[in-house]
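Structure file query-v8.cif (mmCIF, C-alpha atoms and all ligand atoms) is printed below.
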```
data_start
loop_
_atom_site.label_atom_id
_atom_site.label_comp_id
_atom_site.auth_asym_id
_atom_site.auth_seq_id
_atom_site.Cartn_x
_atom_site.Cartn_y
_atom_site.Cartn_z
CA MET A 1 86.08 145.57 135.51
CA LEU A 2 84.26 146.88 132.47
CA SER A 3 80.49 147.12 132.32
CA LYS A 4 78.72 144.22 130.55
CA LYS A 5 77.57 146.57 127.83
CA MET A 6 81.09 147.75 127.16
CA GLN A 7 82.52 144.22 127.25
CA SER A 8 80.22 143.27 124.38
CA GLN A 9 81.32 146.37 122.45
CA LEU A 10 84.96 145.52 123.04
CA GLU A 11 84.45 142.13 121.45
CA LYS A 12 82.48 143.55 118.54
CA GLY A 13 84.48 146.70 117.78
CA SER A 14 83.73 148.93 114.80
CA PRO A 15 84.16 147.39 111.33
CA ILE A 16 84.68 150.87 109.84
CA ARG A 17 87.41 151.74 112.33
CA ARG A 18 88.97 148.30 111.80
CA ALA A 19 89.11 148.76 108.03
CA PHE A 20 90.48 152.29 108.48
CA GLU A 21 93.23 151.04 110.82
CA GLU A 22 94.03 148.19 108.42
CA GLY A 23 94.42 150.84 105.70
CA GLN A 24 96.95 152.67 107.86
CA ARG A 25 98.83 149.42 108.49
CA LEU A 26 98.94 148.45 104.80
CA GLY A 27 99.96 152.00 103.92
CA SER A 28 103.02 151.79 106.14
CA LEU A 29 103.92 148.38 104.63
CA TYR A 30 103.38 149.04 100.92
CA GLY A 31 103.33 152.84 100.68
CA LYS A 32 100.22 154.98 101.00
CA GLU A 33 99.90 155.42 97.25
CA ASN A 34 99.52 151.65 96.78
CA VAL A 35 96.64 151.22 99.20
CA PHE A 36 93.08 152.22 98.28
CA ASP A 37 91.27 152.95 101.49
CA PHE A 38 87.60 153.62 100.81
CA SER A 39 86.49 152.64 104.29
CA ILE A 40 85.68 155.78 106.21
CA GLY A 41 83.60 158.90 105.52
CA ASN A 42 86.38 161.28 106.47
CA PRO A 43 86.46 163.90 103.70
CA GLU A 44 89.89 164.28 102.10
CA ILE A 45 88.54 167.19 100.04
CA PRO A 46 89.87 170.30 101.83
CA ALA A 47 87.57 172.53 103.86
CA PRO A 48 86.48 175.71 102.00
CA GLU A 49 88.97 178.58 102.29
CA ALA A 50 86.29 180.60 104.14
CA ILE A 51 86.62 178.23 107.12
CA ARG A 52 90.31 179.05 107.54
CA LYS A 53 89.62 182.73 107.01
CA TRP A 54 86.97 182.79 109.74
CA VAL A 55 89.04 180.72 112.15
CA ARG A 56 91.84 183.28 111.82
CA GLN A 57 89.49 186.22 112.13
CA ILE A 58 87.60 184.85 115.16
CA ILE A 59 90.80 183.80 116.90
CA GLY A 60 91.92 187.44 116.54
CA GLU A 61 88.96 188.60 118.66
CA ASP A 62 88.99 189.01 122.43
CA SER A 63 89.78 185.52 123.74
CA ARG A 64 87.38 185.76 126.71
CA SER A 65 84.44 185.91 124.33
CA ILE A 66 85.67 182.96 122.27
CA HIS A 67 86.84 180.33 124.67
CA GLY A 68 84.37 180.63 127.53
CA TYR A 69 81.28 178.65 128.45
CA MET A 70 78.05 180.00 127.04
CA CYS A 71 74.35 179.10 127.17
CA ASP A 72 73.99 175.26 127.00
CA ALA A 73 72.08 175.57 123.71
CA GLY A 74 74.93 177.57 122.15
CA TYR A 75 75.63 181.20 121.24
CA GLU A 76 72.41 183.09 120.65
CA GLU A 77 73.73 184.99 117.62
CA VAL A 78 74.82 181.73 115.96
CA ARG A 79 71.45 180.08 116.56
CA GLU A 80 69.73 183.19 115.21
CA LYS A 81 71.80 182.99 112.01
CA ILE A 82 70.98 179.30 111.60
CA ALA A 83 67.25 179.89 112.15
CA ALA A 84 67.27 182.77 109.64
CA SER A 85 69.10 180.68 107.07
CA LEU A 86 66.66 177.76 107.42
CA ASN A 87 63.68 180.12 107.24
CA ARG A 88 65.00 181.72 104.07
CA ARG A 89 65.74 178.40 102.41
CA PHE A 90 62.76 176.33 103.48
CA GLY A 91 60.02 178.82 104.29
CA THR A 92 59.98 177.77 107.96
CA SER A 93 59.52 180.13 110.90
CA PHE A 94 62.08 178.96 113.45
CA SER A 95 63.59 181.24 116.06
CA LEU A 96 66.81 180.76 117.97
CA HIS A 97 64.80 178.92 120.66
CA ASN A 98 64.17 176.04 118.27
CA ILE A 99 67.89 175.53 117.61
CA VAL A 100 70.37 173.72 119.89
CA MET A 101 74.05 173.54 118.94
CA SER A 102 75.66 170.10 119.28
CA ALA A 103 78.89 168.15 119.02
CA GLY A 104 78.14 167.00 115.47
CA ALA A 105 75.20 164.86 114.45
CA ALA A 106 76.34 162.04 116.73
CA GLY A 107 76.22 164.33 119.76
CA ALA A 108 72.81 165.66 118.71
CA ILE A 109 71.27 162.21 118.28
CA ASN A 110 72.48 161.06 121.69
CA VAL A 111 71.15 164.18 123.37
CA ILE A 112 67.75 163.73 121.71
CA MET A 113 67.66 160.04 122.60
CA TYR A 114 68.50 160.84 126.22
CA ALA A 115 65.63 163.27 126.30
CA LEU A 116 63.17 160.81 124.75
CA LEU A 117 63.99 157.17 125.36
CA ASP A 118 63.19 154.81 128.22
CA PRO A 119 64.56 151.26 128.29
CA GLY A 120 62.50 149.03 125.99
CA ASP A 121 61.27 151.88 123.78
CA GLU A 122 61.54 151.01 120.11
CA VAL A 123 63.54 153.01 117.58
CA ILE A 124 62.89 152.31 113.91
CA LEU A 125 65.79 152.44 111.44
CA MET A 126 65.70 151.96 107.68
CA ARG A 127 68.07 149.26 106.48
CA PRO A 128 70.86 149.71 105.52
CA TYR A 129 71.66 152.28 108.22
CA TYR A 130 74.59 154.27 109.60
CA PRO A 131 76.14 151.92 112.22
CA GLY A 132 76.43 154.65 114.85
CA TYR A 133 72.65 154.48 115.40
CA GLN A 134 73.00 150.93 116.70
CA SER A 135 75.41 152.02 119.44
CA PHE A 136 73.37 155.10 120.29
CA ILE A 137 70.21 153.01 120.72
CA LEU A 138 72.17 150.64 122.97
CA ASN A 139 73.28 153.60 125.12
CA TRP A 140 69.66 154.05 126.24
CA ASP A 141 68.72 150.35 126.40
CA ALA A 142 66.15 150.90 123.70
CA GLU A 143 65.27 148.35 121.00
CA LEU A 144 66.38 148.63 117.39
CA VAL A 145 63.67 147.73 114.88
CA ALA A 146 64.82 147.61 111.25
CA VAL A 147 62.65 148.21 108.19
CA ASP A 148 63.58 146.54 104.90
CA PRO A 149 64.25 148.51 101.74
CA ASP A 150 63.10 147.83 98.22
CA PRO A 151 66.37 146.29 96.96
CA GLU A 152 65.86 147.84 93.51
CA ASP A 153 66.14 151.47 94.62
CA PHE A 154 66.73 151.36 98.40
CA GLN A 155 63.61 153.37 99.19
CA PRO A 156 62.01 151.95 102.37
CA ASP A 157 59.36 149.26 102.00
CA MET A 158 56.17 151.01 103.12
CA GLU A 159 54.30 147.87 104.09
CA ASP A 160 57.19 146.69 106.22
CA PHE A 161 57.30 150.12 107.87
CA ARG A 162 53.60 149.96 108.67
CA ARG A 163 54.04 146.47 110.14
CA LYS A 164 57.02 147.41 112.29
CA ILE A 165 55.43 150.35 114.11
CA THR A 166 54.08 149.23 117.49
CA GLU A 167 52.72 150.84 120.61
CA ARG A 168 56.30 151.04 121.89
CA THR A 169 57.68 152.93 118.86
CA LYS A 170 59.03 156.23 120.16
CA LEU A 171 61.36 157.35 117.41
CA VAL A 172 61.88 156.77 113.69
CA ILE A 173 65.20 157.79 112.14
CA VAL A 174 65.54 158.68 108.45
CA ASN A 175 68.72 159.67 106.67
CA SER A 176 68.56 161.13 103.17
CA PRO A 177 70.92 161.55 101.30
CA ASN A 178 71.76 158.19 102.74
CA ASN A 179 74.83 156.63 104.23
CA PRO A 180 75.63 153.96 102.95
CA THR A 181 73.52 153.82 99.72
CA GLY A 182 73.81 157.40 98.45
CA VAL A 183 70.06 157.27 97.76
CA ILE A 184 67.81 160.30 98.22
CA TYR A 185 64.26 159.64 99.36
CA THR A 186 61.64 160.64 96.82
CA GLU A 187 58.81 162.95 97.77
CA GLU A 188 56.51 159.94 97.39
CA THR A 189 58.55 158.12 100.05
CA ILE A 190 58.41 161.11 102.39
CA ARG A 191 54.66 161.43 101.95
CA GLY A 192 54.17 157.68 102.38
CA LEU A 193 56.23 157.43 105.57
CA THR A 194 54.67 160.47 107.19
CA GLU A 195 51.14 159.43 106.31
CA ILE A 196 51.71 156.07 107.99
CA LEU A 197 53.19 157.83 111.02
CA ARG A 198 50.12 160.05 111.36
CA GLU A 199 47.86 157.01 111.06
CA LYS A 200 49.82 155.17 113.77
CA GLN A 201 49.89 158.18 116.11
CA GLU A 202 46.13 158.25 115.87
CA GLN A 203 45.82 154.50 116.40
CA TYR A 204 48.06 154.46 119.51
CA GLY A 205 47.02 157.86 120.86
CA HIS A 206 50.53 159.18 121.41
CA GLY A 207 53.21 160.98 119.46
CA ILE A 208 55.89 159.22 117.43
CA TYR A 209 58.92 161.39 116.72
CA LEU A 210 60.66 161.40 113.36
CA LEU A 211 64.34 162.30 113.45
CA SER A 212 65.74 163.37 110.10
CA ASP A 213 69.52 163.01 110.24
CA GLU A 214 70.89 165.28 107.51
CA PRO A 215 74.68 165.54 107.49
CA TYR A 216 74.68 165.11 103.69
CA ARG A 217 71.82 167.52 102.90
CA GLU A 218 73.85 169.69 100.52
CA LEU A 219 75.71 166.81 98.86
CA CYS A 220 73.13 166.16 96.18
CA TYR A 221 73.92 165.24 92.56
CA ILE A 222 70.51 164.95 90.97
CA ASP A 223 68.76 167.69 89.11
CA THR A 224 65.32 166.95 90.57
CA TYR A 225 66.59 168.50 93.79
CA PRO A 226 69.18 171.16 93.04
CA GLU A 227 70.69 171.45 96.51
CA GLU A 228 68.43 173.61 98.69
CA GLU A 229 65.29 172.18 97.25
CA LEU A 230 65.62 168.81 98.92
CA PRO A 231 62.29 168.40 100.71
CA PHE A 232 62.34 169.59 104.32
CA TRP A 233 60.64 167.04 106.55
CA THR A 234 58.97 169.46 108.97
CA GLU A 235 56.69 170.47 106.11
CA TYR A 236 55.31 166.92 105.93
CA TYR A 237 55.15 165.91 109.60
CA GLU A 238 54.84 168.09 112.69
CA ASN A 239 56.64 165.72 115.02
CA THR A 240 59.94 166.05 113.17
CA ILE A 241 63.32 166.81 114.70
CA ILE A 242 66.02 167.87 112.24
CA VAL A 243 69.64 166.97 112.94
CA TYR A 244 72.35 168.72 110.95
CA SER A 245 76.13 168.53 110.96
CA PHE A 246 78.83 170.62 109.32
CA SER A 247 81.20 167.60 109.38
CA LYS A 248 80.70 166.39 105.83
CA THR A 249 79.52 169.38 103.82
CA LEU A 250 82.36 171.61 105.07
CA SER A 251 84.96 168.82 105.56
CA ILE A 252 85.40 169.50 109.28
CA PRO A 253 84.36 166.25 111.03
CA GLY A 254 87.03 166.52 113.71
CA GLU A 255 85.71 169.90 114.89
CA ARG A 256 82.48 168.28 116.16
CA ILE A 257 79.95 170.90 115.23
CA GLY A 258 76.30 170.58 114.31
CA TYR A 259 72.85 171.49 115.58
CA PHE A 260 69.34 170.17 115.92
CA VAL A 261 65.98 171.81 115.38
CA ILE A 262 62.92 171.11 117.51
CA PRO A 263 59.97 172.92 115.89
CA ASP A 264 57.23 174.49 118.01
CA GLY A 265 54.78 172.07 116.39
CA ALA A 266 56.55 168.95 117.73
CA ALA A 267 54.77 167.18 120.60
CA GLY A 268 55.81 168.66 123.94
CA SER A 269 58.19 170.98 122.10
CA ARG A 270 58.98 173.30 125.04
CA ASP A 271 59.81 170.45 127.40
CA LEU A 272 61.75 168.59 124.73
CA ILE A 273 63.92 171.64 124.05
CA LYS A 274 64.50 172.11 127.79
CA ALA A 275 65.24 168.41 128.28
CA SER A 276 67.70 168.27 125.40
CA ARG A 277 69.57 171.26 126.81
CA ILE A 278 69.73 169.53 130.19
CA ALA A 279 70.86 166.32 128.43
CA THR A 280 73.68 168.29 126.78
CA GLY A 281 75.00 169.00 130.26
CA MET A 282 74.22 165.57 131.72
CA LEU A 283 76.13 163.85 128.94
CA GLY A 284 79.12 166.03 129.64
CA PHE A 285 79.13 167.97 126.36
CA VAL A 286 78.27 171.08 128.46
CA ASN A 287 78.02 173.05 125.23
CA ALA A 288 79.06 172.56 121.58
CA PRO A 289 82.68 173.60 120.82
CA SER A 290 82.75 177.38 121.09
CA LEU A 291 85.19 178.42 118.36
CA PHE A 292 83.49 176.28 115.75
CA GLN A 293 80.04 177.46 116.74
CA LYS A 294 81.21 180.91 115.68
CA VAL A 295 82.84 179.59 112.51
CA ALA A 296 79.65 177.66 111.65
CA GLY A 297 77.59 180.80 112.27
CA ALA A 298 79.81 182.79 109.90
CA CYS A 299 79.73 180.04 107.26
CA VAL A 300 76.10 178.99 107.50
CA GLU A 301 75.33 180.26 104.00
CA ILE A 302 78.45 178.78 102.40
CA LYS A 303 77.58 176.15 99.84
CA ALA A 304 79.50 172.91 99.81
CA ASP A 305 81.47 172.60 96.59
CA ILE A 306 80.22 169.32 95.19
CA TYR A 307 82.26 169.45 91.97
CA ASP A 308 84.97 167.11 93.32
CA TYR A 309 82.48 164.64 94.75
CA ARG A 310 80.43 164.57 91.57
CA ARG A 311 83.60 163.93 89.54
CA ASN A 312 84.64 161.11 91.92
CA ARG A 313 81.20 159.58 91.80
CA ASP A 314 81.00 159.66 88.01
CA LEU A 315 84.38 158.04 87.50
CA LEU A 316 83.95 155.34 90.13
CA TYR A 317 80.31 154.50 89.46
CA ASN A 318 80.78 154.35 85.67
CA THR A 319 83.88 152.19 86.05
CA LEU A 320 82.17 149.78 88.45
CA CYS A 321 79.21 149.41 86.09
CA ARG A 322 81.52 148.85 83.11
CA LEU A 323 83.36 146.15 85.05
CA GLY A 324 80.09 144.34 85.75
CA PHE A 325 79.44 145.30 89.38
CA THR A 326 75.87 146.04 90.47
CA CYS A 327 75.14 149.19 92.48
CA VAL A 328 72.39 151.79 92.72
CA PRO A 329 73.54 155.14 91.29
CA PRO A 330 74.49 157.40 94.21
CA GLN A 331 72.27 160.50 94.11
CA GLY A 332 73.87 162.19 97.10
CA ALA A 333 76.33 161.83 100.02
CA PHE A 334 79.66 160.21 99.04
CA TYR A 335 79.09 156.49 99.13
CA ILE A 336 78.46 153.69 96.65
CA PHE A 337 76.78 150.54 97.94
CA VAL A 338 77.94 147.71 95.71
CA LYS A 339 76.40 144.24 95.63
CA THR A 340 78.92 141.55 96.47
CA PRO A 341 79.21 139.33 93.39
CA GLY A 342 78.25 135.79 94.34
CA GLY A 343 76.64 137.10 97.54
CA ASP A 344 79.44 136.14 99.93
CA GLU A 345 80.38 139.39 101.65
CA LYS A 346 83.37 138.01 103.54
CA GLU A 347 84.91 136.47 100.41
CA PHE A 348 84.40 139.71 98.53
CA LEU A 349 86.03 141.82 101.24
CA LYS A 350 88.92 139.35 101.34
CA ALA A 351 89.40 139.57 97.57
CA ALA A 352 89.23 143.38 97.73
CA HIS A 353 91.82 143.34 100.51
CA ALA A 354 94.09 141.21 98.32
CA CYS A 355 93.82 144.02 95.71
CA ARG A 356 94.61 146.46 98.56
CA ILE A 357 91.12 147.95 98.36
CA LEU A 358 89.55 148.54 101.77
CA LEU A 359 85.77 148.55 101.98
CA VAL A 360 83.18 148.06 104.70
CA GLY A 361 80.79 145.11 104.46
CA GLY A 362 77.04 145.65 104.32
CA SER A 363 76.65 143.69 107.60
CA ALA A 364 78.00 146.75 109.43
CA PHE A 365 74.96 148.62 108.09
CA GLY A 366 72.49 145.85 108.95
CA TYR A 367 72.40 144.69 105.31
CA PRO A 368 74.75 141.84 104.38
CA GLY A 369 75.64 140.96 100.81
CA TYR A 370 76.88 144.44 99.94
CA ALA A 371 79.95 146.60 100.55
CA ARG A 372 80.24 150.35 100.98
CA ILE A 373 82.76 152.38 99.03
CA SER A 374 83.40 155.82 100.49
CA PHE A 375 84.52 158.14 97.69
CA CYS A 376 85.32 161.29 99.69
CA VAL A 377 88.96 160.84 98.66
CA SER A 378 91.11 162.62 96.07
CA TYR A 379 90.30 162.14 92.38
CA ASP A 380 93.86 160.98 91.92
CA LYS A 381 93.36 158.15 94.42
CA ILE A 382 90.27 157.00 92.55
CA LYS A 383 92.11 157.07 89.22
CA ARG A 384 95.00 155.09 90.69
CA SER A 385 92.60 152.53 92.19
CA LEU A 386 90.89 151.62 88.90
CA PRO A 387 93.35 148.86 87.90
CA ALA A 388 92.84 147.35 91.36
CA PHE A 389 89.05 147.33 90.82
CA GLU A 390 89.66 145.75 87.41
CA LYS A 391 91.73 143.03 89.10
CA LEU A 392 88.98 142.55 91.69
CA ALA A 393 86.36 142.15 88.93
CA GLY A 394 88.60 139.49 87.36
CA MET A 395 88.90 137.65 90.68
CA MET A 396 85.11 137.68 90.97
CA ASP A 397 84.70 136.30 87.42
CA LEU A 398 82.73 139.33 86.25
C1 LIG B 1 74.22 159.31 108.63
C2 LIG B 1 75.21 159.84 109.60
N1 LIG B 1 74.77 160.40 110.74
C3 LIG B 1 75.61 160.90 111.66
C4 LIG B 1 76.98 160.84 111.46
C5 LIG B 1 77.88 161.44 112.51
O1 LIG B 1 78.40 162.63 112.02
P1 LIG B 1 79.06 163.74 112.95
O2 LIG B 1 80.49 163.82 112.55
O3 LIG B 1 78.34 164.99 112.60
O4 LIG B 1 78.86 163.34 114.34
C6 LIG B 1 77.50 160.27 110.30
C7 LIG B 1 78.94 160.14 110.09
O5 LIG B 1 79.44 159.46 109.24
C8 LIG B 1 76.59 159.77 109.33
O6 LIG B 1 77.00 159.21 108.19
#
```
In structure tokens, write the structure found in this file.
Amino acid sequence: MLSKKMQSQLEKGSPIRRAFEEGQRLGSLYGKENVFDFSIGNPEIPAPEAIRKWVRQIIGEDSRSIHGYMCDAGYEEVREKIAASLNRRFGTSFSLHNIVMSAGAAGAINVIMYALLDPGDEVILMRPYYPGYQSFILNWDAELVAVDPDPEDFQPDMEDFRRKITERTKLVIVNSPNNPTGVIYTEETIRGLTEILREKQEQYGHGIYLLSDEPYRELCYIDTYPEEELPFWTEYYENTIIVYSFSKTLSIPGERIGYFVIPDGAAGSRDLIKASRIATGMLGFVNAPSLFQKVAGACVEIKADIYDYRRNRDLLYNTLCRLGFTCVPPQGAFYIFVKTPGGDEKEFLKAAHACRILLVGGSAFGYPGYARISFCVSYDKIKRSLPAFEKLAGMMDL
């Protein structure tokens, strides 16, 4: 007999996975080239050649030093390289002790939550949010509290944020560049959020952690922040934990490799680092995948090539606007969040499906009335999909 928690998950399922599986089904019926699956953030852009080169080179080394267990936080030389790279890019002063390797961002967030959350603790998310957070919060029987955005630009509503912080708030999660909106938080937003957090810490007399989930950090298309100059949250708020993943920027999501950073300035930093290492073992990760720790260490300075994504974004966003759809311009990541014409999300998804376009409804992200288009696909697929979007616009009377 399944646990009650899992029974409810079984009934609910994952809308992203469902759409992805429907894409596979339609592909086998009508031919892959006639189905436009924009459901999942699984990069079709190939991994940089350096990844393959390093895999081959590392595999050629003595196998005992590649495939064995290591320290639960990960290989020391890899964590040293990551700390040095962050320090060079962001003027921080991390050492290897601040870095813990993880099974992607998802693994990192669960480890951190295990270390921090008691049942009933509140975790604040900014709507719309990556759906994984919802499940992760449920894992620890914590409470999800959602903050509304300004619907014009999808920056969080500061007054709503202030209202939603309570004595039980333990953790606030931010994600910029954002999945699903593609929006990048402005410096004004960062300053606003962190000022409120400081105020609330003072009011309640205990720390509130900010977790910045940054799998899309390098996928940035706006000139205000040419790549590395995206603001680094630790500079604005001491109690920040950074989560990073190589999944998206290097197109290796299946390899499950990422890391998190707990700065010395974070409340109870030493214990939190220790606890998160213990949590890595308790959750059964034991350590992050060994081969790809080494590959990540070798590739830590490799820049994601955003040319393809920028080209995809320009073509798709400009076409959608020309056809009369409403969406905020994606500034980063590889998603467009489009408003469902007429407001009925289900009807819109049904019409898109009839055009063999697979999208994920905004409800999955805690924000109904929208749909997410994931454009980490080939340029050719986007070009081929344009007549289908034109048909969809016609069906919606745009
Ligand atoms: C915002 C966000 N966080 C975390 C993840 C999980 O990524 P990973 O593959 O690194 O576990 C994703 C994946 O789509 C994401 O979009």
Checklist entry - Can you tell me which residues sit at most 6 Å away from ligand LIG 1 (chain B), counting only C-alpha atoms and all ligand atoms, written as a list in words? => result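 Taking only C-alpha atoms and all ligand atoms into account, the residues around ligand LIG 1 (chain B) at most 6 Å away are Gly41, Gly104, Ala105, Ala106, Tyr130, Asn175, Asn179, Asp213, Ser245, Ser247 and Pro253 of chain A.
If all atoms listed in the file are the atoms counted, then among A:Phe246, A:Phe334, A:Phe375, A:Tyr370 the closest residue to Cys299 in chain A is A:Phe246.
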Checklist entry - What separation in Å, quoted to one decimal, exists between CA of Asp37 in chain A and CA of Asn178 in chain A? => result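 Taking CA of Asp37 in chain A and CA of Asn178 in chain A, their separation equals 20.2 Å.
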Checklist entry - Which neighbours of Ser251 in chain A fall inside 12 Å, counting only C-alpha atoms, when residues of the same chain fewer than 2 positions from it are skipped, and could you give them as a PyMOL selection string? => result chain A and resi 41-52+215-216+219+245-249+253-257+296+303-306+309+376-377
Item to check | Residues within 12 Å of Asp344 in chain A, all atoms listed in the file, excluding chain neighbours under 2 positions, as a ChimeraX atom specification | outcome: /A:339-342,346-351,361-363,368-371,396
Next on the checklist: Please determine, counting all atoms listed in the file, which residue among A:Ala364, A:Ala108, A:Ile40, A:Ala333 has the shortest atom-to-atom distance to Ala288 in chain A.
Outcome noted: A:Ala108
Item to check | Point-to-point distance in Å for CA of Ser290 in chain A and CA of Ile99 in chain A | outcome: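 If I compute the distance from CA of Ile99 in chain A to CA of Ser290 in chain A, I get 15.4 Å.
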